[in-house]
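Have a look at my_file-v1.pdb below; it lists PDB, C-alpha atoms.
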```pdb
MODEL        1
ATOM      1  CA  MET A   1     -83.108-101.191 -23.927
ATOM      2  CA  SER A   2     -81.440-104.381 -25.168
ATOM      3  CA  HIS A   3     -78.042-104.435 -26.829
ATOM      4  CA  ALA A   4     -76.250-107.033 -28.917
ATOM      5  CA  ILE A   5     -72.746-107.525 -30.212
ATOM      6  CA  GLY A   6     -72.473-105.944 -33.636
ATOM      7  CA  ASP A   7     -75.144-103.333 -33.010
ATOM      8  CA  ALA A   8     -74.384-100.024 -34.682
ATOM      9  CA  LEU A   9     -74.611 -97.011 -32.377
ATOM     10  CA  PRO A  10     -76.528 -93.891 -33.444
ATOM     11  CA  PRO A  11     -74.133 -91.444 -35.141
ATOM     12  CA  PHE A  12     -73.262 -88.118 -33.539
ATOM     13  CA  THR A  13     -72.751 -85.309 -36.039
ATOM     14  CA  ILE A  14     -71.171 -81.871 -35.858
ATOM     15  CA  GLU A  15     -72.353 -80.118 -38.999
ATOM     16  CA  SER A  16     -69.564 -77.530 -38.942
ATOM     17  CA  VAL A  17     -66.642 -77.559 -36.498
ATOM     18  CA  SER A  18     -66.620 -74.136 -34.875
ATOM     19  CA  PRO A  19     -63.574 -71.840 -34.735
ATOM     20  CA  GLU A  20     -65.395 -69.934 -31.982
ATOM     21  CA  ALA A  21     -65.507 -73.118 -29.896
ATOM     22  CA  MET A  22     -61.745 -73.466 -30.380
ATOM     23  CA  LYS A  23     -61.326 -70.063 -28.714
ATOM     24  CA  GLN A  24     -63.371 -71.304 -25.755
ATOM     25  CA  TRP A  25     -61.280 -74.481 -25.538
ATOM     26  CA  ALA A  26     -58.045 -72.506 -25.519
ATOM     27  CA  VAL A  27     -59.326 -71.127 -22.211
ATOM     28  CA  PHE A  28     -60.665 -74.467 -20.915
ATOM     29  CA  LEU A  29     -57.306 -76.114 -21.638
ATOM     30  CA  ALA A  30     -55.212 -73.105 -20.582
ATOM     31  CA  ASP A  31     -53.348 -73.652 -23.846
ATOM     32  CA  PRO A  32     -53.344 -70.702 -26.261
ATOM     33  CA  ASN A  33     -51.595 -72.577 -29.104
ATOM     34  CA  PRO A  34     -52.200 -70.260 -32.105
ATOM     35  CA  ILE A  35     -52.798 -73.123 -34.573
ATOM     36  CA  HIS A  36     -56.250 -73.315 -32.960
ATOM     37  CA  LEU A  37     -56.853 -69.571 -33.074
ATOM     38  CA  ASP A  38     -55.125 -67.884 -36.000
ATOM     39  CA  VAL A  39     -55.397 -69.163 -39.550
ATOM     40  CA  GLU A  40     -52.335 -67.124 -40.560
ATOM     41  CA  VAL A  41     -50.231 -69.141 -38.111
ATOM     42  CA  VAL A  42     -51.610 -72.381 -39.542
ATOM     43  CA  LYS A  43     -50.654 -71.220 -43.037
ATOM     44  CA  ALA A  44     -47.193 -70.082 -41.919
ATOM     45  CA  LYS A  45     -46.513 -73.492 -40.395
ATOM     46  CA  GLY A  46     -47.638 -75.240 -43.570
ATOM     47  CA  LEU A  47     -50.430 -77.056 -41.758
ATOM     48  CA  GLY A  48     -53.320 -75.988 -43.983
ATOM     49  CA  ASP A  49     -55.546 -72.992 -44.489
ATOM     50  CA  ARG A  50     -58.032 -73.393 -41.642
ATOM     51  CA  VAL A  51     -57.665 -73.416 -37.857
ATOM     52  CA  ILE A  52     -57.130 -76.859 -36.304
ATOM     53  CA  ASN A  53     -59.497 -78.266 -33.692
ATOM     54  CA  GLN A  54     -57.947 -79.151 -30.332
ATOM     55  CA  GLY A  55     -57.546 -82.937 -30.017
ATOM     56  CA  PRO A  56     -59.550 -83.220 -26.775
ATOM     57  CA  VAL A  57     -62.553 -81.616 -28.509
ATOM     58  CA  ASN A  58     -62.551 -84.542 -30.922
ATOM     59  CA  VAL A  59     -62.486 -86.917 -27.948
ATOM     60  CA  ALA A  60     -65.463 -85.044 -26.499
ATOM     61  CA  TYR A  61     -67.418 -85.612 -29.744
ATOM     62  CA  MET A  62     -66.737 -89.343 -29.443
ATOM     63  CA  MET A  63     -67.796 -89.304 -25.787
ATOM     64  CA  ASN A  64     -71.008 -87.535 -26.802
ATOM     65  CA  MET A  65     -71.828 -90.351 -29.220
ATOM     66  CA  LEU A  66     -71.317 -92.911 -26.431
ATOM     67  CA  MET A  67     -73.361 -90.981 -23.868
ATOM     68  CA  ARG A  68     -76.256 -90.560 -26.305
ATOM     69  CA  ALA A  69     -76.125 -94.242 -27.224
ATOM     70  CA  PHE A  70     -76.268 -95.321 -23.570
ATOM     71  CA  PRO A  71     -78.433 -92.826 -21.634
ATOM     72  CA  GLY A  72     -77.620 -93.073 -17.936
ATOM     73  CA  GLY A  73     -74.502 -95.105 -18.706
ATOM     74  CA  ARG A  74     -71.010 -94.240 -17.515
ATOM     75  CA  ILE A  75     -67.805 -94.365 -19.540
ATOM     76  CA  LYS A  76     -65.336 -96.444 -17.530
ATOM     77  CA  THR A  77     -62.415 -96.658 -19.945
ATOM     78  CA  MET A  78     -61.641 -95.009 -23.245
ATOM     79  CA  ASP A  79     -58.672 -95.074 -25.600
ATOM     80  CA  SER A  80     -58.461 -92.631 -28.501
ATOM     81  CA  ARG A  81     -55.980 -92.444 -31.343
ATOM     82  CA  PHE A  82     -55.305 -89.232 -33.242
ATOM     83  CA  LEU A  83     -54.773 -89.965 -36.915
ATOM     84  CA  ASP A  84     -55.250 -86.589 -38.586
ATOM     85  CA  ASN A  85     -56.415 -83.056 -37.902
ATOM     86  CA  VAL A  86     -59.985 -81.786 -37.747
ATOM     87  CA  TYR A  87     -60.285 -78.284 -39.197
ATOM     88  CA  GLY A  88     -62.672 -75.420 -38.647
ATOM     89  CA  GLY A  89     -65.697 -75.867 -40.900
ATOM     90  CA  ASP A  90     -65.307 -79.643 -41.192
ATOM     91  CA  ARG A  91     -68.447 -81.770 -40.978
ATOM     92  CA  ALA A  92     -67.534 -84.421 -38.393
ATOM     93  CA  VAL A  93     -69.452 -87.642 -37.770
ATOM     94  CA  VAL A  94     -68.852 -90.166 -34.990
ATOM     95  CA  THR A  95     -69.997 -93.727 -35.621
ATOM     96  CA  GLY A  96     -69.527 -96.867 -33.552
ATOM     97  CA  ARG A  97     -70.620-100.383 -32.798
ATOM     98  CA  ILE A  98     -70.762-102.819 -29.907
ATOM     99  CA  THR A  99     -67.953-105.381 -29.880
ATOM    100  CA  MET A 100     -68.518-107.131 -26.542
ATOM    101  CA  ILE A 101     -71.038-107.352 -23.724
ATOM    102  CA  GLU A 102     -70.103-108.711 -20.284
ATOM    103  CA  GLY A 103     -72.835-108.272 -17.692
ATOM    104  CA  ASN A 104     -73.524-104.546 -17.512
ATOM    105  CA  ILE A 105     -70.281-103.601 -19.281
ATOM    106  CA  VAL A 106     -70.498-102.863 -23.006
ATOM    107  CA  THR A 107     -67.341-102.561 -25.109
ATOM    108  CA  CYS A 108     -67.515-100.394 -28.211
ATOM    109  CA  GLU A 109     -65.279 -99.314 -31.048
ATOM    110  CA  PHE A 110     -65.810 -95.996 -32.792
ATOM    111  CA  SER A 111     -64.355 -93.549 -35.240
ATOM    112  CA  LEU A 112     -64.591 -89.856 -36.062
ATOM    113  CA  ASP A 113     -64.713 -89.143 -39.776
ATOM    114  CA  VAL A 114     -64.709 -85.838 -41.623
ATOM    115  CA  ASP A 115     -66.186 -85.293 -45.059
ATOM    116  CA  GLY A 116     -63.636 -85.824 -47.790
ATOM    117  CA  ARG A 117     -60.774 -87.076 -45.602
ATOM    118  CA  GLY A 118     -62.111 -90.161 -43.875
ATOM    119  CA  THR A 119     -61.213 -91.283 -40.359
ATOM    120  CA  VAL A 120     -59.280 -88.778 -38.262
ATOM    121  CA  ASN A 121     -59.790 -90.311 -34.798
ATOM    122  CA  SER A 122     -60.655 -93.799 -33.651
ATOM    123  CA  GLY A 123     -60.852 -95.693 -30.421
ATOM    124  CA  THR A 124     -62.436 -98.141 -28.040
ATOM    125  CA  ALA A 125     -64.347 -97.712 -24.804
ATOM    126  CA  THR A 126     -66.142 -99.619 -22.112
ATOM    127  CA  VAL A 127     -69.421 -98.249 -20.806
ATOM    128  CA  GLU A 128     -71.214 -99.349 -17.656
ATOM    129  CA  ILE A 129     -74.929 -99.447 -18.400
TER     130      ILE A 129
ATOM    131  CA  MET B   1     -27.352-102.020 -36.134
ATOM    132  CA  SER B   2     -30.331 -99.723 -35.533
ATOM    133  CA  ASP B   3     -31.300 -97.006 -38.004
ATOM    134  CA  LEU B   4     -31.040 -94.617 -35.041
ATOM    135  CA  ASP B   5     -27.378 -95.343 -34.350
ATOM    136  CA  ASP B   6     -26.343 -92.135 -36.080
ATOM    137  CA  LEU B   7     -28.500 -90.035 -33.742
ATOM    138  CA  PRO B   8     -28.011 -88.978 -30.129
ATOM    139  CA  PRO B   9     -30.388 -90.689 -27.683
ATOM    140  CA  ALA B  10     -33.627 -89.059 -26.578
ATOM    141  CA  PRO B  11     -33.274 -86.897 -23.477
ATOM    142  CA  ASP B  12     -33.620 -88.774 -20.197
ATOM    143  CA  ALA B  13     -37.017 -87.415 -19.195
ATOM    144  CA  ALA B  14     -38.582 -90.563 -17.738
ATOM    145  CA  GLY B  15     -39.474 -90.122 -14.098
ATOM    146  CA  THR B  16     -39.964 -86.357 -14.302
ATOM    147  CA  SER B  17     -42.660 -85.477 -11.788
ATOM    148  CA  LEU B  18     -45.867 -83.889 -13.031
ATOM    149  CA  ASP B  19     -47.396 -83.611  -9.573
ATOM    150  CA  GLY B  20     -49.410 -80.432  -9.382
ATOM    151  CA  ASP B  21     -50.046 -78.014  -6.557
ATOM    152  CA  LYS B  22     -53.112 -76.361  -8.117
ATOM    153  CA  VAL B  23     -56.700 -77.218  -7.231
ATOM    154  CA  PHE B  24     -58.985 -77.641 -10.237
ATOM    155  CA  THR B  25     -62.693 -77.063  -9.672
ATOM    156  CA  ILE B  26     -65.283 -77.922 -12.305
ATOM    157  CA  THR B  27     -67.730 -75.039 -12.312
ATOM    158  CA  ALA B  28     -71.323 -75.336 -13.491
ATOM    159  CA  GLU B  29     -70.864 -72.352 -15.779
ATOM    160  CA  GLU B  30     -67.788 -73.704 -17.538
ATOM    161  CA  ASN B  31     -69.195 -77.244 -17.770
ATOM    162  CA  ALA B  32     -72.332 -75.888 -19.453
ATOM    163  CA  ALA B  33     -70.312 -73.818 -21.916
ATOM    164  CA  LEU B  34     -68.041 -76.761 -22.653
ATOM    165  CA  CYS B  35     -70.931 -79.163 -23.238
ATOM    166  CA  ARG B  36     -72.673 -76.728 -25.575
ATOM    167  CA  SER B  37     -69.445 -76.114 -27.488
ATOM    168  CA  THR B  38     -69.452 -79.814 -28.369
ATOM    169  CA  GLY B  39     -73.113 -79.996 -29.353
ATOM    170  CA  VAL B  40     -74.765 -81.339 -26.191
ATOM    171  CA  GLU B  41     -76.549 -79.945 -23.154
ATOM    172  CA  PRO B  42     -75.006 -80.371 -19.679
ATOM    173  CA  ALA B  43     -76.254 -83.328 -17.650
ATOM    174  CA  ALA B  44     -79.011 -82.615 -15.147
ATOM    175  CA  ASP B  45     -77.645 -85.031 -12.534
ATOM    176  CA  GLY B  46     -74.597 -82.986 -11.523
ATOM    177  CA  SER B  47     -72.106 -85.046 -13.485
ATOM    178  CA  ALA B  48     -69.561 -83.120 -15.524
ATOM    179  CA  HIS B  49     -68.637 -83.882 -19.111
ATOM    180  CA  PRO B  50     -66.151 -86.789 -18.945
ATOM    181  CA  ILE B  51     -63.700 -84.912 -21.194
ATOM    182  CA  TYR B  52     -62.759 -83.100 -17.990
ATOM    183  CA  TYR B  53     -60.488 -86.096 -17.468
ATOM    184  CA  TYR B  54     -58.182 -84.457 -20.002
ATOM    185  CA  ILE B  55     -58.821 -80.812 -19.143
ATOM    186  CA  ALA B  56     -58.479 -81.110 -15.360
ATOM    187  CA  THR B  57     -55.303 -83.164 -15.542
ATOM    188  CA  GLN B  58     -53.682 -80.883 -18.114
ATOM    189  CA  VAL B  59     -54.577 -77.654 -16.332
ATOM    190  CA  ALA B  60     -53.664 -78.802 -12.805
ATOM    191  CA  MET B  61     -50.574 -80.893 -13.522
ATOM    192  CA  GLY B  62     -47.281 -79.563 -12.258
ATOM    193  CA  LYS B  63     -46.033 -78.278 -15.611
ATOM    194  CA  THR B  64     -47.556 -76.364 -18.477
ATOM    195  CA  VAL B  65     -47.646 -77.950 -21.933
ATOM    196  CA  ALA B  66     -44.558 -75.877 -22.754
ATOM    197  CA  GLY B  67     -42.972 -77.084 -19.521
ATOM    198  CA  VAL B  68     -43.575 -80.731 -20.354
ATOM    199  CA  CYS B  69     -41.957 -80.118 -23.741
ATOM    200  CA  GLU B  70     -39.055 -78.363 -22.056
ATOM    201  CA  ALA B  71     -38.492 -81.410 -19.834
ATOM    202  CA  CYS B  72     -38.097 -83.323 -23.093
ATOM    203  CA  GLU B  73     -35.696 -80.659 -24.455
ATOM    204  CA  PHE B  74     -38.318 -79.829 -27.091
ATOM    205  CA  ASP B  75     -39.514 -76.358 -28.082
ATOM    206  CA  VAL B  76     -43.301 -76.202 -27.905
ATOM    207  CA  GLU B  77     -43.157 -73.887 -30.946
ATOM    208  CA  ASP B  78     -42.006 -76.895 -32.996
ATOM    209  CA  GLY B  79     -45.489 -78.380 -32.678
ATOM    210  CA  PRO B  80     -46.094 -81.330 -30.357
ATOM    211  CA  MET B  81     -48.846 -83.599 -31.710
ATOM    212  CA  MET B  82     -51.262 -85.794 -29.782
ATOM    213  CA  GLY B  83     -50.779 -89.456 -30.604
ATOM    214  CA  SER B  84     -53.234 -91.128 -28.272
ATOM    215  CA  SER B  85     -55.052 -90.668 -24.996
ATOM    216  CA  GLY B  86     -56.410 -93.301 -22.665
ATOM    217  CA  VAL B  87     -58.381 -92.997 -19.444
ATOM    218  CA  ARG B  88     -59.662 -95.281 -16.714
ATOM    219  CA  LEU B  89     -62.400 -93.585 -14.712
ATOM    220  CA  ASP B  90     -63.062 -94.928 -11.207
ATOM    221  CA  ALA B  91     -65.863 -92.458 -10.483
ATOM    222  CA  PRO B  92     -67.865 -89.841 -12.377
ATOM    223  CA  LEU B  93     -66.501 -86.304 -12.476
ATOM    224  CA  ARG B  94     -68.801 -83.903 -10.692
ATOM    225  CA  VAL B  95     -69.741 -80.265 -11.147
ATOM    226  CA  GLY B  96     -68.665 -78.279  -8.077
ATOM    227  CA  GLU B  97     -66.019 -80.839  -7.108
ATOM    228  CA  SER B  98     -62.355 -79.933  -6.651
ATOM    229  CA  TYR B  99     -59.442 -82.085  -7.707
ATOM    230  CA  LYS B 100     -55.645 -82.330  -7.597
ATOM    231  CA  VAL B 101     -53.220 -84.068  -9.944
ATOM    232  CA  THR B 102     -50.254 -86.370  -9.551
ATOM    233  CA  GLY B 103     -48.251 -87.868 -12.366
ATOM    234  CA  GLU B 104     -44.986 -88.430 -14.127
ATOM    235  CA  ILE B 105     -43.352 -88.865 -17.488
ATOM    236  CA  LEU B 106     -43.182 -92.592 -18.213
ATOM    237  CA  SER B 107     -40.940 -92.634 -21.265
ATOM    238  CA  LEU B 108     -39.413 -90.650 -24.096
ATOM    239  CA  VAL B 109     -38.408 -92.858 -27.014
ATOM    240  CA  ARG B 110     -36.658 -91.725 -30.182
ATOM    241  CA  LYS B 111     -38.012 -93.196 -33.420
ATOM    242  CA  ARG B 112     -37.787 -92.606 -37.119
ATOM    243  CA  SER B 113     -40.970 -92.464 -39.201
ATOM    244  CA  ARG B 114     -41.434 -92.201 -42.962
ATOM    245  CA  LYS B 115     -44.014 -89.456 -42.546
ATOM    246  CA  LEU B 116     -42.457 -87.345 -39.787
ATOM    247  CA  GLY B 117     -38.762 -88.214 -39.895
ATOM    248  CA  VAL B 118     -37.038 -88.393 -36.503
ATOM    249  CA  MET B 119     -39.399 -87.957 -33.594
ATOM    250  CA  ASP B 120     -39.527 -88.547 -29.870
ATOM    251  CA  VAL B 121     -42.578 -90.363 -28.548
ATOM    252  CA  LEU B 122     -43.521 -89.043 -25.120
ATOM    253  CA  THR B 123     -45.739 -91.049 -22.774
ATOM    254  CA  TYR B 124     -46.885 -89.529 -19.498
ATOM    255  CA  ARG B 125     -49.362 -90.600 -16.828
ATOM    256  CA  LEU B 126     -51.587 -88.343 -14.753
ATOM    257  CA  ARG B 127     -53.942 -89.200 -11.917
ATOM    258  CA  LEU B 128     -56.840 -87.050 -10.725
ATOM    259  CA  HIS B 129     -57.636 -87.095  -7.012
ATOM    260  CA  LEU B 130     -60.282 -85.661  -4.753
ATOM    261  CA  LEU B 131     -58.762 -83.323  -2.187
ATOM    262  CA  ASP B 132     -58.910 -86.143   0.411
ATOM    263  CA  GLY B 133     -56.549 -88.139  -1.809
ATOM    264  CA  MET B 134     -59.052 -90.578  -3.313
ATOM    265  CA  GLN B 135     -58.128 -91.287  -6.934
ATOM    266  CA  VAL B 136     -60.934 -90.842  -9.446
ATOM    267  CA  LEU B 137     -59.089 -91.499 -12.696
ATOM    268  CA  GLU B 138     -55.793 -92.320 -14.341
ATOM    269  CA  THR B 139     -54.881 -91.201 -17.845
ATOM    270  CA  ASP B 140     -51.974 -92.012 -20.150
ATOM    271  CA  ASN B 141     -51.262 -89.597 -22.975
ATOM    272  CA  VAL B 142     -48.866 -90.056 -25.863
ATOM    273  CA  TRP B 143     -47.464 -87.075 -27.738
ATOM    274  CA  VAL B 144     -45.304 -87.093 -30.830
ATOM    275  CA  LEU B 145     -42.468 -84.557 -30.773
ATOM    276  CA  PRO B 146     -41.069 -84.122 -34.305
ATOM    277  CA  ARG B 147     -37.317 -83.496 -34.174
ATOM    278  CA  LYS B 148     -36.823 -81.119 -37.077
ATOM    279  CA  GLU B 149     -33.169 -80.612 -36.143
ATOM    280  CA  PHE B 150     -32.475 -84.154 -37.358
ATOM    281  CA  ALA B 151     -34.204 -83.713 -40.728
ATOM    282  CA  ALA B 152     -32.120 -85.138 -43.564
TER     283      ALA B 152
ENDMDL
END
```

Give the structure from the file, written as structure tokens.
Amino acid sequence: MSHAIGDALPPFTIESVSPEAMKQWAVFLADPNPIHLDVEVVKAKGLGDRVINQGPVNVAYMMNMLMRAFPGGRIKTMDSRFLDNVYGGDRAVVTGRITMIEGNIVTCEFSLDVDGRGTVNSGTATVEI
Amino acid sequence: MSDLDDLPPAPDAAGTSLDGDKVFTITAEENAALCRSTGVEPAADGSAHPIYYYIATQVAMGKTVAGVCEACEFDVEDGPMMGSSGVRLDAPLRVGESYKVTGEILSLVRKRSRKLGVMDVLTYRLRLHLLDGMQVLETDNVWVLPRKEFAA
């Protein structure tokens, strides 16, 4: 497959961010922060009315977009910025594009957007293809 | 004159060791569950989801999340927030492989923001190693610690 600077990468979509997955990630991360598990805690802290996705899950969505865009490729570097929360039930879409190609190293920029609130995560990565 | 001159300095947390003594093993069962929880199937070639860079280093570092906050004289109940995360992977992470973690707090810097008020910006670095010592990745994470006690 050929790639060019400026190419858009195929989007990766989560139709509805899962509160059940947040319970799994509390175990994966050994971090039982209740803002990811109990909507009453989220409300009490004034952070909204839905449970909040763990930040690394959002990074995983962005990695999924990269891995699908470059089958067999390997992420070598990645920088992610956390701009806002992703909530249970959000529809989340990762989009990206190629910004540089040097030999077999492709540099990309990407963002994670949720319906109604725009970009909540963004970043850059290099992928060895 | 800085707009922080009326505040005490951030705690001196830089240099705090985050070296871990736990061994973290990526199991096939957990990797499969993790992949599916993010909308993909696990890889067939034995590689683990690369987000294990974050999970393995957090779980096997020498302090819990609450412990890292405590080193910064911050109560985890006050809500640390992720600011950014960066990783440089030297090798793929593998299902069935075991790893150890070294690391340290790099800096804790007090700032004032319009949105959050006074906050401390924590930067820490973790490295993931095979059990023979070979480093497979290095990650820098930035957390924002809102200092509610200094709210106007």

Closest of B:Gly15, B:Gly96, B:Gly62, B:Pro50 to chain A - atom-to-atom distances counting only C-alpha atoms: B:Pro50

Of the listed residues A:Ser122, A:Ser2, A:Thr77, A:Thr13, that which approaches chain B most closely, counting all atoms listed in the file: A:Thr77

Check what the ChimeraX specification (/B :<9) & /A selects in the file above and give those residues as a ChimeraX atom specification. /A:13-14,17-18,20-22,24-25,28-31,33,55-61,63-64,74-83

Filtering to C-alpha atoms, could you give me those residues as an mmCIF file, in the frame of the given file?
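Below is the file selection_5.cif, written as the result:
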```cif
data_model
loop_
_atom_site.group_PDB
_atom_site.id
_atom_site.type_symbol
_atom_site.label_atom_id
_atom_site.label_comp_id
_atom_site.auth_asym_id
_atom_site.auth_seq_id
_atom_site.Cartn_x
_atom_site.Cartn_y
_atom_site.Cartn_z
ATOM 1 C CA THR A 13 -72.751 -85.309 -36.039
ATOM 2 C CA ILE A 14 -71.171 -81.871 -35.858
ATOM 3 C CA VAL A 17 -66.642 -77.559 -36.498
ATOM 4 C CA SER A 18 -66.620 -74.136 -34.875
ATOM 5 C CA GLU A 20 -65.395 -69.934 -31.982
ATOM 6 C CA ALA A 21 -65.507 -73.118 -29.896
ATOM 7 C CA MET A 22 -61.745 -73.466 -30.380
ATOM 8 C CA GLN A 24 -63.371 -71.304 -25.755
ATOM 9 C CA TRP A 25 -61.280 -74.481 -25.538
ATOM 10 C CA PHE A 28 -60.665 -74.467 -20.915
ATOM 11 C CA LEU A 29 -57.306 -76.114 -21.638
ATOM 12 C CA ALA A 30 -55.212 -73.105 -20.582
ATOM 13 C CA ASP A 31 -53.348 -73.652 -23.846
ATOM 14 C CA ASN A 33 -51.595 -72.577 -29.104
ATOM 15 C CA GLY A 55 -57.546 -82.937 -30.017
ATOM 16 C CA PRO A 56 -59.550 -83.220 -26.775
ATOM 17 C CA VAL A 57 -62.553 -81.616 -28.509
ATOM 18 C CA ASN A 58 -62.551 -84.542 -30.922
ATOM 19 C CA VAL A 59 -62.486 -86.917 -27.948
ATOM 20 C CA ALA A 60 -65.463 -85.044 -26.499
ATOM 21 C CA TYR A 61 -67.418 -85.612 -29.744
ATOM 22 C CA MET A 63 -67.796 -89.304 -25.787
ATOM 23 C CA ASN A 64 -71.008 -87.535 -26.802
ATOM 24 C CA ARG A 74 -71.010 -94.240 -17.515
ATOM 25 C CA ILE A 75 -67.805 -94.365 -19.540
ATOM 26 C CA LYS A 76 -65.336 -96.444 -17.530
ATOM 27 C CA THR A 77 -62.415 -96.658 -19.945
ATOM 28 C CA MET A 78 -61.641 -95.009 -23.245
ATOM 29 C CA ASP A 79 -58.672 -95.074 -25.600
ATOM 30 C CA SER A 80 -58.461 -92.631 -28.501
ATOM 31 C CA ARG A 81 -55.980 -92.444 -31.343
ATOM 32 C CA PHE A 82 -55.305 -89.232 -33.242
ATOM 33 C CA LEU A 83 -54.773 -89.965 -36.915
#
```

Might you pull out every residue within 6 Å of region 85-89 of chain A, with all atoms listed in the file counted and same-chain residues fewer than 5 positions away left off, and present them as a list in words?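 The filter keeps Ser16, Val17, Ser18, Pro19, Arg50, Val51, Ile52 and Asn53 of chain A.
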
Output file for the selection above: C-alpha atoms, as a short mmCIF file (atom, residue, chain, number, x, y, z; two decimals), in the coordinates of the input:
```
data_model
loop_
_atom_site.label_atom_id
_atom_site.label_comp_id
_atom_site.auth_asym_id
_atom_site.auth_seq_id
_atom_site.Cartn_x
_atom_site.Cartn_y
_atom_site.Cartn_z
CA SER A 16 -69.56 -77.53 -38.94
CA VAL A 17 -66.64 -77.56 -36.50
CA SER A 18 -66.62 -74.14 -34.88
CA PRO A 19 -63.57 -71.84 -34.74
CA ARG A 50 -58.03 -73.39 -41.64
CA VAL A 51 -57.66 -73.42 -37.86
CA ILE A 52 -57.13 -76.86 -36.30
CA ASN A 53 -59.50 -78.27 -33.69
#
```

With the PyMOL selection byres ((chain A and resi 11) around 6) as the selection, what would be picked from this file? Answer as JSON, numbers by chain, please. {"A": [10, 12, 94, 95]}

Have a look at CA of Ala44 (chain A) and CA of Gly118 (chain A) and let me know their distance in Å, one decimal.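 One can read the CA of Ala44 (chain A) to CA of Gly118 (chain A) distance as 25.1 Å.
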
Go through the shown structure with the PyMOL selection byres ((chain B and resi 72-75) around 10) and write out the matching residues as a list in words.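 Taken on the displayed file, the PyMOL selection byres ((chain B and resi 72-75) around 10) yields the residues Ala10, Pro11, Asp12, Ala13, Ala14, Thr16, Ala66, Gly67, Val68, Cys69, Glu70, Ala71, Val76, Glu77, Asp78, Gly79, Pro80, Ile105, Ser107, Leu108, Asp120, Val121, Leu122, Leu145, Pro146 and Arg147 of chain B.
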
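Distance check against Ala69 (chain A) using all atoms listed in the file: of A:Ile129, A:Val120, A:Ile5, A:Val39, the minimum falls on A:Ile129.
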